[in-house]
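Enquirer: For reference, the structure I am asking about is given below.
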Amino acid sequence: MDQIYKLPDTSEDRFDSDPELSYTIPARLYWDRDVLEEERRHIFDKSWIIVAHRSELEASGAYVTVEILGQRVFAIRGRDRELRAFYNVCQHRGHALLEGRGQAKNVITCPYHAWAYDYDGTLQAARHCDDVKGFDKADFTIPAVRVQEFAGFVFVNLDPDADAIEAGHPGLEDAVRRFCPGVDDLKPAHEIVFDIRGNWKNVGDNLLECYHCGPSHKAFVDLVDMSTYTVETFGTWSQQYGNCRPSNSAYDYNEAQAGTCEPFATIFVFPAMAFVTFPGAKGVAIFTFMPIESELTHQVFAYYSPDGKLTDTERATLGYFSDVLGPEDVGLVESVQKGLRSYGYHQGRFVIDSKRTHTSEHAVHHFHSLVMKALGRWEE
């Protein structure tokens with residue numbers, strides 16, 4: 001029987017430096033496991049990854065943990081008030097030292113064999129090792145990881161030679177502080193988690209364009225005045241923002257009591273996070289979408305408020321994201337992921353208009369260009 005469908009010609013990928021002429025990145029990059037391994041080495045092993053707000057690490061011994069494509073890391077405040085980060089691995093047999101976030105009790109004790117470390121990573125005690133031939137505690141300091149405070153938040157980087165955040169993302173801090181001036185003084189208030197059956201770049205694509213907002217997010221386009229919606233790209237980050245309507249079908253808010261973060265704004269930071277502000281909410285949300293597998297993404301929407309509590313408007317805001325906007329996007333991403341596996345799809349075409357309006361997908365092209373350059377698949 002003759003084949004009734006001819007597979008697309010993938011010999012020439014049509015990604016172009018000009019977004020108005022370019023096609024999207026090839027579909028294979030969204031599901032191939034080897035591609036994710038490339039991304040681990042060339043993107044996530046070299047990027048600044050957010051782990052917490054500074055308020056979560058104020059006390060000596062306060063710690064938070066994070067996993068970056070299998071690499072477990074923790075950040076901790078030292079006795080000398082210095083902030084440090086380490087690989088979250090006991091130097092005896094490799095067990096995780098800490099889980100989640102919390103307060104270490106005098107020392108960091110491995111739950112497996114009870115090796116104990118100080119907050120500076122040095123080994124303080126190892127049970128029954130006094131008579132072990134040639135054993136020296138100095139040989140078992142936990143390997144350190146780079147850590148930095150930036151715009152009120154704490155980031156880690158597995159690359160010891162990485163540029164400081166401000167050098168790698170020029171202009172970013174000014175943008176964050178413009179949309180939320182009180183970012184330094186926030187506290188964790190609420191967290192919404194989705195595990196999405198889709199590639200992390202698929203989640204990023206959906207975040208970075210509002211071409212789909214009209215058909216797919218009826219309440220959102222009632223909340224945000226699309227005539228004011230602006231999408232701008234910069235070196236390694238981009239931003240979207242627009243004025244909002246206090247009376248709308250997403251949630252109502254009192255404009256006079258909205259606080260400093262009045263417009264809706266999303267500030268994306270390569271590779272997989274964004275600062276998000278909603279009208280009526282006085283704090284900021286940190287939106288992360290970290291790959292777990294090639295077609296599984298762990299998405300966290302962590303909201304930080306000035307006092308760690310939620311106003312009625314903030315509860316309504318988070319309820320809208322949790323029950324409406326978030327599930328709408330999850331459904332879209334998961335459907336697209338199946339389509340990216342289709343024999344009938346290879347590359348799509350960016351919809352770009354010359355005025356770069358809210359329907360233009362130029363921020364997605366910008367994201368794709370950062371991915372392709374990092375993987376060495378494309379040069380400007």
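Note on naming: chains are A, B, ... as they come in the structure tokens, residues start from 1 per chain, ligands start from 1 in the order shown.
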Any chance you could list, as a ChimeraX atom specification, the residues in segment 5-77 of chain A that come up helix (DSSP H, G or I) when DSSP is run on the backbone?
Expert: /A:27-30,33-42,44-46,54-57
Enquirer: Could you name the residues that touch Cys90 of chain A at 7 Å or less, counting only C-alpha atoms, but leaving out those on the same chain fewer than 6 positions away, as a list in words?
Expert: Ala96, Leu97 and Cys110 of chain A
Enquirer: List the spatial neighbours of His362 of chain A as an MDAnalysis selection string - criterion: any atom at most 12 Å away, only C-alpha atoms, same-chain residues fewer than 4 positions off excluded.
Expert: chainID A and resid 17:24 205 208:211 230:234 238:240 349:358 366:369
Enquirer: Please provide the set of residues having any atom within 8 Å of Asn157 of chain A, restricted to only C-alpha atoms, with same-chain residues fewer than 3 positions apart removed, written as a list in words.
Expert: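 Selected residues are Asp45, Lys46, Ser47, Trp48, Ile49, Val145, Arg146, Val147, Pro160 and Ala162 of chain A.
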Enquirer: Generate a file of the selected residues that holds C-alpha atoms, formatted as a CSV table (one decimal), in the first residue's frame.
Expert:
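And here's out38.csv as it stands now:
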```csv
chain,number,residue,atom,x,y,z
A,45,ASP,CA,24.2,24.4,33.8
A,46,LYS,CA,25.3,27.9,32.9
A,47,SER,CA,22.2,30.0,33.9
A,48,TRP,CA,21.2,31.9,37.0
A,49,ILE,CA,18.3,30.0,38.6
A,145,VAL,CA,27.9,26.8,43.9
A,146,ARG,CA,27.8,30.4,42.9
A,147,VAL,CA,25.0,32.4,44.6
A,160,PRO,CA,31.8,29.0,38.4
A,162,ALA,CA,29.4,32.8,34.8
```
Enquirer: With only C-alpha atoms as the atoms that count, which of A:Leu375, A:Val193, A:Ala281, A:Val203 lies nearest to Val35 of chain A?
Expert: A:Leu375
Enquirer: Residues within 12 Å of Phe179 of chain A, please, as a PyMOL selection string. Count only C-alpha atoms; anything in the same chain fewer than 2 positions from it doesn't count.
Expert: chain A and resi 151+172-177+181-183+239-242+259-267+275-279+281-285
Enquirer: If you keep N, CA and C atoms, can you produce a file of those selected residues as an mmCIF file, in the first residue's frame?
Expert:
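For reference, again_36.cif as written:
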```cif
data_model
loop_
_atom_site.group_PDB
_atom_site.id
_atom_site.type_symbol
_atom_site.label_atom_id
_atom_site.label_comp_id
_atom_site.auth_asym_id
_atom_site.auth_seq_id
_atom_site.Cartn_x
_atom_site.Cartn_y
_atom_site.Cartn_z
ATOM 1 N N ALA A 151 17.742 41.991 42.893
ATOM 2 C CA ALA A 151 16.368 42.512 42.901
ATOM 3 C C ALA A 151 15.520 41.848 43.973
ATOM 4 N N LEU A 172 17.699 44.639 33.345
ATOM 5 C CA LEU A 172 16.642 43.833 33.957
ATOM 6 C C LEU A 172 16.216 44.370 35.318
ATOM 7 N N GLU A 173 17.165 44.683 36.172
ATOM 8 C CA GLU A 173 16.804 45.113 37.522
ATOM 9 C C GLU A 173 15.983 46.395 37.494
ATOM 10 N N ASP A 174 16.336 47.327 36.623
ATOM 11 C CA ASP A 174 15.563 48.568 36.516
ATOM 12 C C ASP A 174 14.119 48.267 36.129
ATOM 13 N N ALA A 175 13.931 47.318 35.222
ATOM 14 C CA ALA A 175 12.575 46.964 34.789
ATOM 15 C C ALA A 175 11.786 46.348 35.939
ATOM 16 N N VAL A 176 12.406 45.440 36.700
ATOM 17 C CA VAL A 176 11.720 44.809 37.830
ATOM 18 C C VAL A 176 11.317 45.859 38.853
ATOM 19 N N ARG A 177 12.228 46.759 39.167
ATOM 20 C CA ARG A 177 11.936 47.764 40.192
ATOM 21 C C ARG A 177 10.929 48.805 39.709
ATOM 22 N N PRO A 181 8.306 48.436 42.888
ATOM 23 C CA PRO A 181 9.380 49.073 43.658
ATOM 24 C C PRO A 181 9.644 48.423 45.012
ATOM 25 N N GLY A 182 8.677 47.755 45.601
ATOM 26 C CA GLY A 182 8.859 47.159 46.920
ATOM 27 C C GLY A 182 9.386 45.747 46.897
ATOM 28 N N VAL A 183 10.050 45.343 45.835
ATOM 29 C CA VAL A 183 10.426 43.947 45.644
ATOM 30 C C VAL A 183 11.394 43.437 46.722
ATOM 31 N N GLN A 239 9.739 41.869 28.042
ATOM 32 C CA GLN A 239 8.657 42.275 28.934
ATOM 33 C C GLN A 239 7.370 42.521 28.161
ATOM 34 N N GLN A 240 6.259 42.225 28.832
ATOM 35 C CA GLN A 240 4.917 42.494 28.323
ATOM 36 C C GLN A 240 4.148 43.219 29.419
ATOM 37 N N TYR A 241 3.383 44.211 29.051
ATOM 38 C CA TYR A 241 2.625 44.928 30.075
ATOM 39 C C TYR A 241 1.450 45.660 29.428
ATOM 40 N N GLY A 242 0.444 45.934 30.259
ATOM 41 C CA GLY A 242 -0.724 46.647 29.764
ATOM 42 C C GLY A 242 -1.587 47.149 30.904
ATOM 43 N N GLY A 259 -2.096 49.556 45.259
ATOM 44 C CA GLY A 259 -0.688 49.552 45.650
ATOM 45 C C GLY A 259 0.195 49.954 44.489
ATOM 46 N N THR A 260 1.456 49.531 44.528
ATOM 47 C CA THR A 260 2.426 50.017 43.555
ATOM 48 C C THR A 260 2.452 49.204 42.262
ATOM 49 N N CYS A 261 1.983 47.979 42.273
ATOM 50 C CA CYS A 261 2.050 47.117 41.086
ATOM 51 C C CYS A 261 0.706 47.144 40.362
ATOM 52 N N GLU A 262 0.402 48.244 39.706
ATOM 53 C CA GLU A 262 -0.944 48.425 39.165
ATOM 54 C C GLU A 262 -1.176 47.752 37.812
ATOM 55 N N PRO A 263 -0.265 47.838 36.839
ATOM 56 C CA PRO A 263 -0.561 47.177 35.566
ATOM 57 C C PRO A 263 -0.300 45.687 35.643
ATOM 58 N N PHE A 264 -0.784 44.979 34.640
ATOM 59 C CA PHE A 264 -0.338 43.603 34.459
ATOM 60 C C PHE A 264 1.021 43.672 33.768
ATOM 61 N N ALA A 265 1.990 42.900 34.244
ATOM 62 C CA ALA A 265 3.303 42.880 33.611
ATOM 63 C C ALA A 265 3.937 41.513 33.778
ATOM 64 N N THR A 266 4.627 41.066 32.721
ATOM 65 C CA THR A 266 5.426 39.852 32.756
ATOM 66 C C THR A 266 6.816 40.204 32.262
ATOM 67 N N ILE A 267 7.814 39.966 33.092
ATOM 68 C CA ILE A 267 9.207 40.202 32.704
ATOM 69 C C ILE A 267 9.892 38.841 32.633
ATOM 70 N N PHE A 275 9.130 37.420 36.243
ATOM 71 C CA PHE A 275 8.490 38.203 37.284
ATOM 72 C C PHE A 275 7.118 38.606 36.748
ATOM 73 N N VAL A 276 6.066 38.435 37.549
ATOM 74 C CA VAL A 276 4.706 38.737 37.087
ATOM 75 C C VAL A 276 3.995 39.594 38.122
ATOM 76 N N THR A 277 3.371 40.670 37.670
ATOM 77 C CA THR A 277 2.531 41.483 38.546
ATOM 78 C C THR A 277 1.112 41.523 37.991
ATOM 79 N N PHE A 278 0.141 41.459 38.896
ATOM 80 C CA PHE A 278 -1.268 41.532 38.534
ATOM 81 C C PHE A 278 -1.882 42.788 39.149
ATOM 82 N N PRO A 279 -2.809 43.424 38.459
ATOM 83 C CA PRO A 279 -3.466 44.614 39.014
ATOM 84 C C PRO A 279 -4.221 44.290 40.297
ATOM 85 N N ALA A 281 -2.863 43.613 43.089
ATOM 86 C CA ALA A 281 -1.968 42.872 43.982
ATOM 87 C C ALA A 281 -0.743 43.730 44.282
ATOM 88 N N LYS A 282 -0.354 43.763 45.532
ATOM 89 C CA LYS A 282 0.753 44.627 45.941
ATOM 90 C C LYS A 282 2.101 43.932 45.867
ATOM 91 N N GLY A 283 2.120 42.664 45.549
ATOM 92 C CA GLY A 283 3.367 41.921 45.504
ATOM 93 C C GLY A 283 3.745 41.507 44.098
ATOM 94 N N VAL A 284 4.554 40.473 44.013
ATOM 95 C CA VAL A 284 5.019 39.982 42.719
ATOM 96 C C VAL A 284 5.021 38.459 42.754
ATOM 97 N N ALA A 285 4.729 37.859 41.618
ATOM 98 C CA ALA A 285 4.798 36.403 41.486
ATOM 99 C C ALA A 285 6.053 36.032 40.707
#
```
Enquirer: Leaving out Phe153 of chain A and any residue of its chain fewer than 3 positions from it, which residues lie within 7 Å of it when counting only C-alpha atoms, given as a PyMOL selection string?
Expert: chain A and resi 52-54+149-150
Enquirer: Nearest residue to Phe321 of chain A out of A:His346, A:Gln148, A:Phe194, A:Phe270, using only C-alpha atoms?
Expert: A:Phe194
Enquirer: Considering only C-alpha atoms, return as a list in words whatever protein or nucleic-acid residues lie within 6 Å of Arg72 of chain A, sequence-local ones (same chain, fewer than 5 positions apart) excluded.
Expert: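 So, after excluding close chain neighbours, the residues are Val66, Glu67, Tyr87 and Asn88 of chain A.
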Enquirer: Taking the DSSP assignment computed from this structure's backbone, write out as a PyMOL selection string all residues of segment 239-352 of chain A that belong to strand (DSSP E or B).
Expert: chain A and resi 239-242+244+264-269+273-277+284-293+296-305+349
Enquirer: May I ask which of the residues A:Cys244, A:Gly319, A:Ile286, A:Cys213 is the closest one to Thr228 of chain A, counting only C-alpha atoms?
Expert: A:Cys244
